[in-house]
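**Student:** Just passing along the structure, written as structure tokens.
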Amino acid sequence: MSTVQRDGVRLTVPDTWHTELGSADGVPIVAIAPAAPGAFRANATVTVGAVPPGMSFRDWQSGTDAILPRTLTEYLLLDLEHVEVGGREAVRRLAHHVADGVPVTMEQWAVLAAGLGVTLTVTAATPDWAVLADVAATVGASLELVGEEER
């Protein structure tokens with residue numbers, strides 16, 4: 001496993017995954033599994049975005065819970081639990097949806113820090129999830145917010 005860090009977010013990803021740092025505005029980290037012929041490539045994506053001033057974590061996540069079923073094809077929430085990331089209130093969700101015609105499973109962690117919403121999403125083809133679930137859990141458990149005092 002390798003540690004990657006960008007824009008106040010640090011996490012650990014498999015050594016064999018290709019990592020892009022700062023690939024797009026609001027997406028500081030993307031890690032992609034090696035290509036396999038015809039297969040959906042498992043990936044871990046971190047997004048960071050401003051949350052309106054005064055919006056609570058619960059309001060932010062209630063909005064997310066409303067948006068996901070409208071924006072992801074065949075979205076089905078499988079599990080939702082309240083957790084902590086770096087001592088901050090966070091959420092972990094497990095869900096199914098269809099991406100480019102492929103059934104996928106995603107595990108997602110979201111936390112609010114210094115007015116920024118940070119979301120880590122690990123996605124894999126659903127038939128591969130049994131093999132990748134432990135990887136997703138390891139990547140999710142490694143999520144850290146660093147240098148908050150500078151934001």
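Each chain of the structure tokens is named A, B, ... in the order shown, its residues numbered from 1; ligands are numbered from 1 in display order.
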Skip region 39-52 of chain A itself and residues of its chain fewer than 5 positions away, then list as a PDB file with C-alpha atoms, in the first residue's frame all residues within 7 Å of it, counting only C-alpha atoms.

**Tutor:**
ATOM      1  CA  GLY A  26     -12.309  19.634  -6.720  1.00  0.00           C
ATOM      2  CA  VAL A  27     -10.887  16.143  -7.329  1.00  0.00           C
ATOM      3  CA  PRO A  28      -7.462  16.087  -5.648  1.00  0.00           C
ATOM      4  CA  ILE A  29      -6.900  12.315  -5.685  1.00  0.00           C
ATOM      5  CA  VAL A  30      -7.897   9.554  -8.098  1.00  0.00           C
ATOM      6  CA  ALA A  31      -6.481   6.025  -7.851  1.00  0.00           C
ATOM      7  CA  ILE A  32      -7.358   3.451 -10.500  1.00  0.00           C
ATOM      8  CA  ALA A  33      -6.788  -0.317 -10.481  1.00  0.00           C
ATOM      9  CA  PRO A  34      -4.779  -1.862 -13.323  1.00  0.00           C
ATOM     10  CA  GLY A 115     -16.336  24.508   5.428  1.00  0.00           C
ATOM     11  CA  LEU A 116     -15.258  21.841   2.947  1.00  0.00           C
ATOM     12  CA  GLY A 117     -17.057  18.598   2.216  1.00  0.00           C
ATOM     13  CA  VAL A 118     -14.566  15.785   1.679  1.00  0.00           C
ATOM     14  CA  THR A 119     -15.855  12.565   0.106  1.00  0.00           C
ATOM     15  CA  LEU A 120     -13.904   9.390  -0.636  1.00  0.00           C
ATOM     16  CA  THR A 121     -15.657   6.925  -2.926  1.00  0.00           C
ATOM     17  CA  VAL A 122     -14.287   3.468  -3.749  1.00  0.00           C
ATOM     18  CA  THR A 123     -16.105   1.830  -6.667  1.00  0.00           C
ATOM     19  CA  ALA A 124     -15.780  -1.614  -8.272  1.00  0.00           C
ATOM     20  CA  ALA A 125     -17.821  -3.857 -10.530  1.00  0.00           C
TER      21      ALA A 125
END

**Student:** Would you list the contacts of Val146 (chain A) as a PyMOL selection string, taking every protein, DNA or RNA residue within 7 Å and counting only C-alpha atoms, but skipping same-chain residues closer than 2 positions in sequence?

**Tutor:** chain A and resi 8-10+144+148

**Student:** Could you write those residues out with N, CA and C atoms, as a compact mmCIF listing (two decimals), in the first residue's frame?

**Tutor:**
# COMPACT_ATOMS: atom_id res chain seq x y z
N GLY A 8 -4.86 18.67 1.55
CA GLY A 8 -5.33 18.41 2.90
C GLY A 8 -5.96 17.06 3.14
N VAL A 9 -5.84 16.15 2.15
CA VAL A 9 -6.39 14.81 2.27
C VAL A 9 -5.27 13.80 2.07
N ARG A 10 -5.23 12.81 2.96
CA ARG A 10 -4.23 11.74 2.83
C ARG A 10 -4.95 10.41 2.94
N GLU A 144 -7.52 10.56 6.00
CA GLU A 144 -7.12 11.54 7.02
C GLU A 144 -7.24 12.94 6.44
N GLU A 148 -5.33 21.06 8.46
CA GLU A 148 -6.58 21.83 8.53
C GLU A 148 -6.34 23.27 8.95

**Student:** Between CA of Arg6 (chain A) and CA of Ala133 (chain A), what is the distance in Å, rounded to a tenth?

**Tutor:** 24.2 Å

**Student:** Considering only C-alpha atoms, tabulate each residue of region 38-98 of chain A that lies at most 12 Å from region 104-108 of chain A along with its nearest interatomic pair and the corresponding distance in Å to one decimal; arrange the rows by chain and ascending residue number and present them as CSV.

**Tutor:**
residue,atom,partner,partner_atom,distance
A:Ala39,CA,A:Val104,CA,11.2
A:Phe40,CA,A:Val104,CA,8.5
A:Arg41,CA,A:Val104,CA,10.3
A:Ala42,CA,A:Val104,CA,9.2
A:Asn43,CA,A:Met106,CA,9.5
A:Ala44,CA,A:Gln108,CA,9.4
A:Thr45,CA,A:Gln108,CA,9.5
A:Val46,CA,A:Gln108,CA,9.6
A:Thr47,CA,A:Gln108,CA,11.0
A:Gln61,CA,A:Gln108,CA,11.8
A:Thr64,CA,A:Gln108,CA,11.4
A:Asp65,CA,A:Gln108,CA,11.9
A:Leu68,CA,A:Gln108,CA,11.7
A:Leu72,CA,A:Val104,CA,10.7
A:Thr73,CA,A:Val104,CA,10.3
A:Glu74,CA,A:Val104,CA,10.1
A:Tyr75,CA,A:Thr105,CA,9.7
A:Leu76,CA,A:Thr105,CA,9.5
A:Leu77,CA,A:Met106,CA,9.7
A:Leu78,CA,A:Thr105,CA,9.5
A:Asp79,CA,A:Glu107,CA,9.2
A:Leu80,CA,A:Gln108,CA,9.4
A:Glu81,CA,A:Gln108,CA,10.5
A:His82,CA,A:Gln108,CA,11.6
A:Val83,CA,A:Gln108,CA,11.5
A:Ala90,CA,A:Gln108,CA,10.3
A:Val91,CA,A:Gln108,CA,7.9
A:Arg92,CA,A:Gln108,CA,5.4
A:Arg93,CA,A:Gln108,CA,5.2
A:Leu94,CA,A:Glu107,CA,4.5
A:Ala95,CA,A:Met106,CA,5.4
A:His96,CA,A:Thr105,CA,4.5
A:His97,CA,A:Val104,CA,5.5
A:Val98,CA,A:Val104,CA,5.7

**Student:** Just N, CA and C atoms for this one: save the residues we selected as a tab-separated table (two decimals), in the first residue's frame.

**Tutor:**
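And here's result23.tsv as it stands now:
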chain	number	residue	atom	x	y	z
A	39	ALA	N	-13.09	-5.11	-18.44
A	39	ALA	CA	-13.55	-5.00	-17.05
A	39	ALA	C	-13.65	-3.54	-16.62
A	40	PHE	N	-14.59	-3.28	-15.73
A	40	PHE	CA	-14.69	-1.98	-15.07
A	40	PHE	C	-13.47	-1.86	-14.15
A	41	ARG	N	-12.78	-0.76	-14.20
A	41	ARG	CA	-11.59	-0.58	-13.36
A	41	ARG	C	-11.99	-0.02	-11.99
A	42	ALA	N	-11.70	-0.80	-10.97
A	42	ALA	CA	-11.96	-0.32	-9.61
A	42	ALA	C	-11.19	0.98	-9.41
A	43	ASN	N	-11.76	1.86	-8.58
A	43	ASN	CA	-11.10	3.15	-8.37
A	43	ASN	C	-11.48	3.74	-7.03
A	44	ALA	N	-10.64	4.66	-6.59
A	44	ALA	CA	-10.89	5.44	-5.39
A	44	ALA	C	-10.79	6.91	-5.80
A	45	THR	N	-11.81	7.68	-5.50
A	45	THR	CA	-11.84	9.08	-5.90
A	45	THR	C	-12.16	9.95	-4.69
A	46	VAL	N	-11.36	10.99	-4.50
A	46	VAL	CA	-11.63	11.96	-3.44
A	46	VAL	C	-12.14	13.22	-4.10
A	47	THR	N	-13.24	13.74	-3.58
A	47	THR	CA	-13.73	15.04	-4.02
A	47	THR	C	-13.77	15.98	-2.82
A	61	GLN	N	-25.37	15.94	4.34
A	61	GLN	CA	-25.57	14.54	3.99
A	61	GLN	C	-27.02	14.23	3.63
A	64	THR	N	-27.12	15.02	0.11
A	64	THR	CA	-26.45	13.96	-0.65
A	64	THR	C	-27.38	12.76	-0.79
A	65	ASP	N	-28.05	12.39	0.29
A	65	ASP	CA	-28.97	11.25	0.24
A	65	ASP	C	-30.10	11.48	-0.76
A	68	LEU	N	-28.20	11.45	-4.70
A	68	LEU	CA	-27.66	10.20	-5.24
A	68	LEU	C	-28.68	9.38	-6.04
A	72	LEU	N	-27.59	8.82	-10.00
A	72	LEU	CA	-26.95	7.53	-10.31
A	72	LEU	C	-28.02	6.54	-10.76
A	73	THR	N	-27.79	5.91	-11.89
A	73	THR	CA	-28.74	4.95	-12.46
A	73	THR	C	-28.91	3.75	-11.54
A	74	GLU	N	-30.16	3.38	-11.28
A	74	GLU	CA	-30.51	2.22	-10.45
A	74	GLU	C	-29.84	2.25	-9.07
A	75	TYR	N	-29.72	3.45	-8.50
A	75	TYR	CA	-29.10	3.61	-7.19
A	75	TYR	C	-29.90	2.86	-6.13
A	76	LEU	N	-29.19	2.12	-5.30
A	76	LEU	CA	-29.80	1.40	-4.19
A	76	LEU	C	-28.87	1.49	-2.99
A	77	LEU	N	-29.30	2.16	-1.93
A	77	LEU	CA	-28.52	2.26	-0.71
A	77	LEU	C	-28.60	0.93	0.02
A	78	LEU	N	-27.44	0.37	0.34
A	78	LEU	CA	-27.39	-0.93	1.03
A	78	LEU	C	-27.11	-0.78	2.52
A	79	ASP	N	-26.31	0.22	2.88
A	79	ASP	CA	-25.95	0.40	4.28
A	79	ASP	C	-25.54	1.85	4.49
A	80	LEU	N	-25.87	2.40	5.63
A	80	LEU	CA	-25.48	3.76	5.99
A	80	LEU	C	-25.19	3.77	7.47
A	81	GLU	N	-24.00	4.23	7.83
A	81	GLU	CA	-23.67	4.31	9.25
A	81	GLU	C	-22.91	5.58	9.55
A	82	HIS	N	-23.10	6.06	10.76
A	82	HIS	CA	-22.39	7.25	11.21
A	82	HIS	C	-21.08	6.78	11.84
A	83	VAL	N	-19.99	7.38	11.39
A	83	VAL	CA	-18.65	7.03	11.84
A	83	VAL	C	-17.91	8.32	12.16
A	90	ALA	N	-18.78	11.81	10.64
A	90	ALA	CA	-18.67	11.38	9.25
A	90	ALA	C	-19.75	10.33	8.97
A	91	VAL	N	-19.85	9.96	7.73
A	91	VAL	CA	-20.80	8.93	7.33
A	91	VAL	C	-20.09	7.96	6.40
A	92	ARG	N	-20.50	6.70	6.46
A	92	ARG	CA	-20.03	5.68	5.53
A	92	ARG	C	-21.28	5.06	4.91
A	93	ARG	N	-21.31	5.03	3.59
A	93	ARG	CA	-22.45	4.39	2.92
A	93	ARG	C	-21.94	3.36	1.95
A	94	LEU	N	-22.73	2.32	1.78
A	94	LEU	CA	-22.48	1.27	0.80
A	94	LEU	C	-23.69	1.27	-0.11
A	95	ALA	N	-23.44	1.31	-1.43
A	95	ALA	CA	-24.56	1.40	-2.36
A	95	ALA	C	-24.23	0.71	-3.66
A	96	HIS	N	-25.28	0.44	-4.40
A	96	HIS	CA	-25.20	-0.16	-5.74
A	96	HIS	C	-25.72	0.88	-6.73
A	97	HIS	N	-25.15	0.89	-7.93
A	97	HIS	CA	-25.72	1.63	-9.05
A	97	HIS	C	-25.16	1.06	-10.34
A	98	VAL	N	-25.58	1.59	-11.45
A	98	VAL	CA	-25.10	1.13	-12.74
A	98	VAL	C	-24.33	2.27	-13.39

**Student:** Run DSSP on the backbone of this structure and report the residues of chain A it assigns to strand (DSSP E or B), as a PyMOL selection string.

**Tutor:** chain A and resi 2-6+9-13+18-24+27-32+43-50+73-85+88-99+102-113+116-125+144-145
